[in-house]
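Participant: My file is final-v6.cif. It has mmCIF, C-alpha atoms:
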data_target
loop_
_atom_site.label_atom_id
_atom_site.label_comp_id
_atom_site.auth_asym_id
_atom_site.auth_seq_id
_atom_site.Cartn_x
_atom_site.Cartn_y
_atom_site.Cartn_z
CA MET R 195 -55.58 39.05 -74.44
CA LEU R 196 -53.20 36.80 -76.32
CA ASP R 197 -51.24 39.80 -77.60
CA ARG R 198 -50.94 41.17 -74.08
CA LEU R 199 -49.80 37.82 -72.76
CA TYR R 200 -47.28 37.67 -75.59
CA TYR R 201 -46.09 41.19 -74.73
CA VAL R 202 -45.58 40.40 -71.05
CA ILE R 203 -43.52 37.33 -71.82
CA LEU R 204 -41.61 39.08 -74.59
CA SER R 205 -40.87 42.09 -72.40
CA TYR R 206 -39.51 39.76 -69.73
CA TYR R 207 -36.85 38.61 -72.15
CA SER R 208 -36.04 41.96 -73.72
CA ARG R 209 -35.63 45.21 -71.86
CA ASN R 210 -35.01 48.25 -74.07
CA THR R 211 -33.58 45.98 -76.76
CA GLU R 212 -30.97 44.62 -74.34
CA HIS R 213 -31.61 40.92 -74.59
CA LYS R 214 -31.24 38.77 -71.50
CA ILE R 215 -30.86 35.51 -73.39
CA ASP R 216 -30.76 35.12 -77.15
CA THR R 217 -33.19 36.58 -79.64
CA PRO R 218 -36.37 37.19 -77.62
CA GLY R 219 -38.67 36.43 -80.55
CA ILE R 220 -37.26 32.92 -80.86
CA THR R 221 -37.38 32.28 -77.11
CA VAL R 222 -40.99 33.42 -76.85
CA PHE R 223 -41.78 31.38 -79.99
CA PHE R 224 -40.89 28.19 -78.12
CA ILE R 225 -42.70 29.31 -74.97
CA PHE R 226 -45.89 29.99 -76.93
CA THR R 227 -45.55 26.80 -78.97
CA ILE R 228 -45.69 24.84 -75.71
CA LEU R 229 -48.67 26.93 -74.58
CA PHE R 230 -50.57 26.30 -77.82
CA TYR R 231 -49.68 22.61 -77.57
CA CYS R 232 -51.21 22.43 -74.08
CA LEU R 233 -54.33 24.28 -75.22
CA ALA R 234 -54.76 21.94 -78.19
CA TYR R 235 -54.28 18.99 -75.87
CA VAL R 236 -57.04 20.32 -73.60
CA LEU R 237 -59.36 20.64 -76.58
CA ILE R 238 -58.60 17.10 -77.74
CA LEU R 239 -59.07 15.39 -74.35
CA PRO R 240 -62.82 16.11 -74.07
CA THR R 241 -63.22 14.95 -77.66
CA ILE R 242 -61.67 11.62 -76.74
CA ASP R 243 -63.99 11.42 -73.73
CA ILE R 244 -67.04 12.07 -75.90
CA ILE R 245 -66.00 9.47 -78.46
CA ASN R 246 -65.25 6.86 -75.78
CA TYR R 247 -68.18 7.85 -73.54
CA PRO R 248 -69.59 4.48 -72.53
CA ASP R 249 -66.20 2.90 -71.98
CA HIS R 250 -64.46 5.77 -70.17
CA ALA R 251 -61.20 4.53 -71.62
CA GLN R 252 -57.87 5.93 -70.57
CA LEU R 253 -56.97 9.29 -72.04
CA THR R 254 -54.40 8.29 -74.62
CA ILE R 255 -53.13 10.04 -77.67
CA GLY R 256 -50.59 8.41 -79.97
CA LYS R 257 -47.09 9.77 -80.49
CA PRO R 258 -47.66 10.70 -84.14
CA THR R 259 -50.73 12.70 -83.14
CA MET R 260 -48.80 14.46 -80.38
CA LEU R 261 -45.98 15.31 -82.81
CA GLY R 262 -48.53 16.62 -85.31
CA ILE R 263 -50.11 18.80 -82.63
CA LEU R 264 -46.67 20.16 -81.69
CA ILE R 265 -45.79 20.98 -85.30
CA THR R 266 -49.19 22.59 -85.86
CA SER R 267 -48.78 24.63 -82.68
CA GLY R 268 -45.39 25.87 -83.84
CA ALA R 269 -46.77 26.79 -87.25
CA LEU R 270 -49.68 28.63 -85.65
CA VAL R 271 -47.37 30.63 -83.38
CA TYR R 272 -45.20 31.46 -86.37
CA LEU R 273 -48.19 32.66 -88.37
CA LEU R 274 -49.68 34.67 -85.50
CA PHE R 275 -46.60 36.30 -84.01
CA ILE R 276 -43.34 35.77 -85.88
CA ARG R 277 -44.38 36.23 -89.51
CA ASN R 278 -43.78 39.80 -90.71
CA LYS R 279 -42.14 40.49 -87.31
CA ARG R 280 -45.51 41.01 -85.66
CA TYR R 281 -43.89 40.50 -82.26
CA LEU R 282 -42.13 43.85 -82.72
CA LYS R 283 -45.46 45.52 -83.50
CA ILE R 284 -46.95 44.00 -80.34
CA TYR R 285 -43.95 45.17 -78.33
CA THR R 286 -44.20 48.76 -79.57
CA LYS R 287 -48.00 48.80 -79.13
CA TYR R 288 -48.00 47.75 -75.46
CA ARG R 289 -44.68 49.31 -74.41
CA SER R 290 -46.46 52.33 -72.94
CA ASP R 291 -49.20 50.34 -71.16
CA THR R 292 -48.70 51.02 -67.45
CA PHE R 293 -50.61 47.97 -66.20
CA LEU R 294 -48.70 45.49 -68.35
CA ASN R 295 -45.40 47.02 -67.26
CA SER R 296 -46.28 47.01 -63.57
CA LYS R 297 -45.39 44.13 -61.28
CA THR R 298 -49.05 43.37 -60.70
CA GLY R 299 -49.73 43.13 -64.43
CA ARG R 300 -46.76 40.89 -64.98
CA TRP R 301 -47.81 38.61 -62.11
CA VAL R 302 -51.37 38.42 -63.43
CA TYR R 303 -50.33 37.52 -66.97
CA TRP R 304 -47.61 35.07 -65.88
CA GLY R 305 -50.25 33.46 -63.64
CA ILE R 306 -52.60 33.19 -66.60
CA TYR R 307 -49.79 31.63 -68.63
CA ILE R 308 -49.02 29.05 -65.94
CA LEU R 309 -52.72 28.26 -65.49
CA LEU R 310 -53.12 27.71 -69.23
CA LEU R 311 -49.96 25.63 -69.28
CA LEU R 312 -51.28 23.40 -66.49
CA SER R 313 -54.79 23.16 -67.96
CA PRO R 314 -54.32 19.59 -69.33
CA VAL R 315 -53.24 18.37 -65.91
CA ILE R 316 -56.14 20.17 -64.24
CA TYR R 317 -58.59 18.67 -66.73
CA ILE R 318 -57.26 15.15 -66.19
CA GLU R 319 -57.42 15.52 -62.40
CA ILE R 320 -61.00 16.81 -62.51
CA ARG R 321 -62.03 14.09 -64.94
CA PHE R 322 -60.59 11.27 -62.84
CA SER R 323 -61.98 12.68 -59.60
CA LEU R 324 -65.48 12.85 -61.13
CA LEU R 325 -65.32 9.35 -62.57
CA ASN R 326 -63.81 7.69 -59.50
CA PHE R 327 -65.88 9.19 -56.69
#
Would you write out, as structure tokens, the structure that this file holds?
Facilitator:
Amino acid sequence: MLDRLYYVILSYYSRNTEHKIDTPGITVFFIFTILFYCLAYVLILPTIDIINYPDHAQLTIGKPTMLGILITSGALVYLLFIRNKRYLKIYTKYRSDTFLNSKTGRWVYWGIYILLLLSPVIYIEIRFSLLNF
């Protein structure tokens, strides 16, 4: 699923090798770095809740930790998609997929991307609504 999501976002920025912005691989690298950062953040928040269970302290993460998560997310995206130009292999693999190239497919995968991007906010809202009822 991650490759398909990557393809949909990459294909948005490059159409038949005519690039809308700059190099699509770099643009999508930053988009996916932010996505991986949000996903890591969502995995860390419950851990903080479990550690601070009796106190129900505020969800806080220090700036050095946040910077470390961001750098790790960027490195992970590089290793998964950019290294050895894997993004080109993904692009050629899914270029003929009719669902991913349809408007419905693009809407579905962009919706998944936005939902994953907003997952830390959703988690925090659910957590505070359950604790403050």
Participant: Give me the residues within 10 Å of Ile203 (chain R) as a list in words, counting all atoms listed in the file and dropping any in the same chain fewer than 4 places off.
Facilitator: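 With the cut-off at 10 Å, the set is Asp197, Arg198, Leu199, Tyr207, Ser208, Pro218, Thr221, Val222, Ile225, Phe226, Arg300, Tyr303, Trp304 and Tyr307 of chain R.
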Participant: Evaluating the PyMOL selection byres ((chain R and resi 265-280) around 9) on the displayed file yields which residues, as a list in words?
Facilitator: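 Written out, the selection comes to Asp197, Tyr200, Gly219, Ile220, Phe223, Phe224, Phe226, Thr227, Ile228, Leu229, Phe230, Tyr231, Ala234, Met260, Leu261, Gly262, Ile263, Leu264, Tyr281, Leu282, Lys283, Ile284 and Tyr285 of chain R.
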Participant: Enter the distance from CA of Val315 (chain R) to CA of Asp243 (chain R), in Å, rounded to one decimal.
Facilitator: 15.0 Å
Participant: Report the residues retrieved by the PyMOL selection byres ((chain R and resi 311) around 8) from the displayed file, expressed as a PDB file with C-alpha atoms, in the frame of the given file.
Facilitator:
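Output saved as result_23.pdb:
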ATOM      1  CA  ILE R 228     -45.690  24.840 -75.710  1.00  0.00           C
ATOM      2  CA  LEU R 229     -48.670  26.930 -74.580  1.00  0.00           C
ATOM      3  CA  CYS R 232     -51.210  22.430 -74.080  1.00  0.00           C
ATOM      4  CA  LEU R 233     -54.330  24.280 -75.220  1.00  0.00           C
ATOM      5  CA  TYR R 307     -49.790  31.630 -68.630  1.00  0.00           C
ATOM      6  CA  ILE R 308     -49.020  29.050 -65.940  1.00  0.00           C
ATOM      7  CA  LEU R 309     -52.720  28.260 -65.490  1.00  0.00           C
ATOM      8  CA  LEU R 310     -53.120  27.710 -69.230  1.00  0.00           C
ATOM      9  CA  LEU R 312     -51.280  23.400 -66.490  1.00  0.00           C
ATOM     10  CA  SER R 313     -54.790  23.160 -67.960  1.00  0.00           C
ATOM     11  CA  PRO R 314     -54.320  19.590 -69.330  1.00  0.00           C
TER      12      PRO R 314
END
Participant: One decimal, Å: what's the distance from CA of Phe322 (chain R) over to CA of Ile238 (chain R), could you say?
Facilitator: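 Taking CA of Phe322 (chain R) and CA of Ile238 (chain R), their separation equals 16.1 Å.
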Participant: Could you tell me how far CA of Thr259 (chain R) sits from CA of Thr241 (chain R), in Å to one decimal place?
Facilitator: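 Separating CA of Thr241 (chain R) from CA of Thr259 (chain R) is a distance of 13.8 Å.
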Participant: Could you work out an axis-aligned box for region 308-323 of chain R, taking every atom the file lists and adding 8 Å on each side, and report centre and edge lengths in Å to one decimal, as lines of an AutoDock Vina configuration file?
Facilitator:
center_x = -55.5
center_y = 20.2
center_z = -64.5
size_x = 29.0
size_y = 33.8
size_z = 25.7
Participant: Between R:Leu237, R:Ile320, R:Val202, R:Ile244, single out the one closest to Trp301 (chain R), counting only C-alpha atoms.
Facilitator: R:Val202
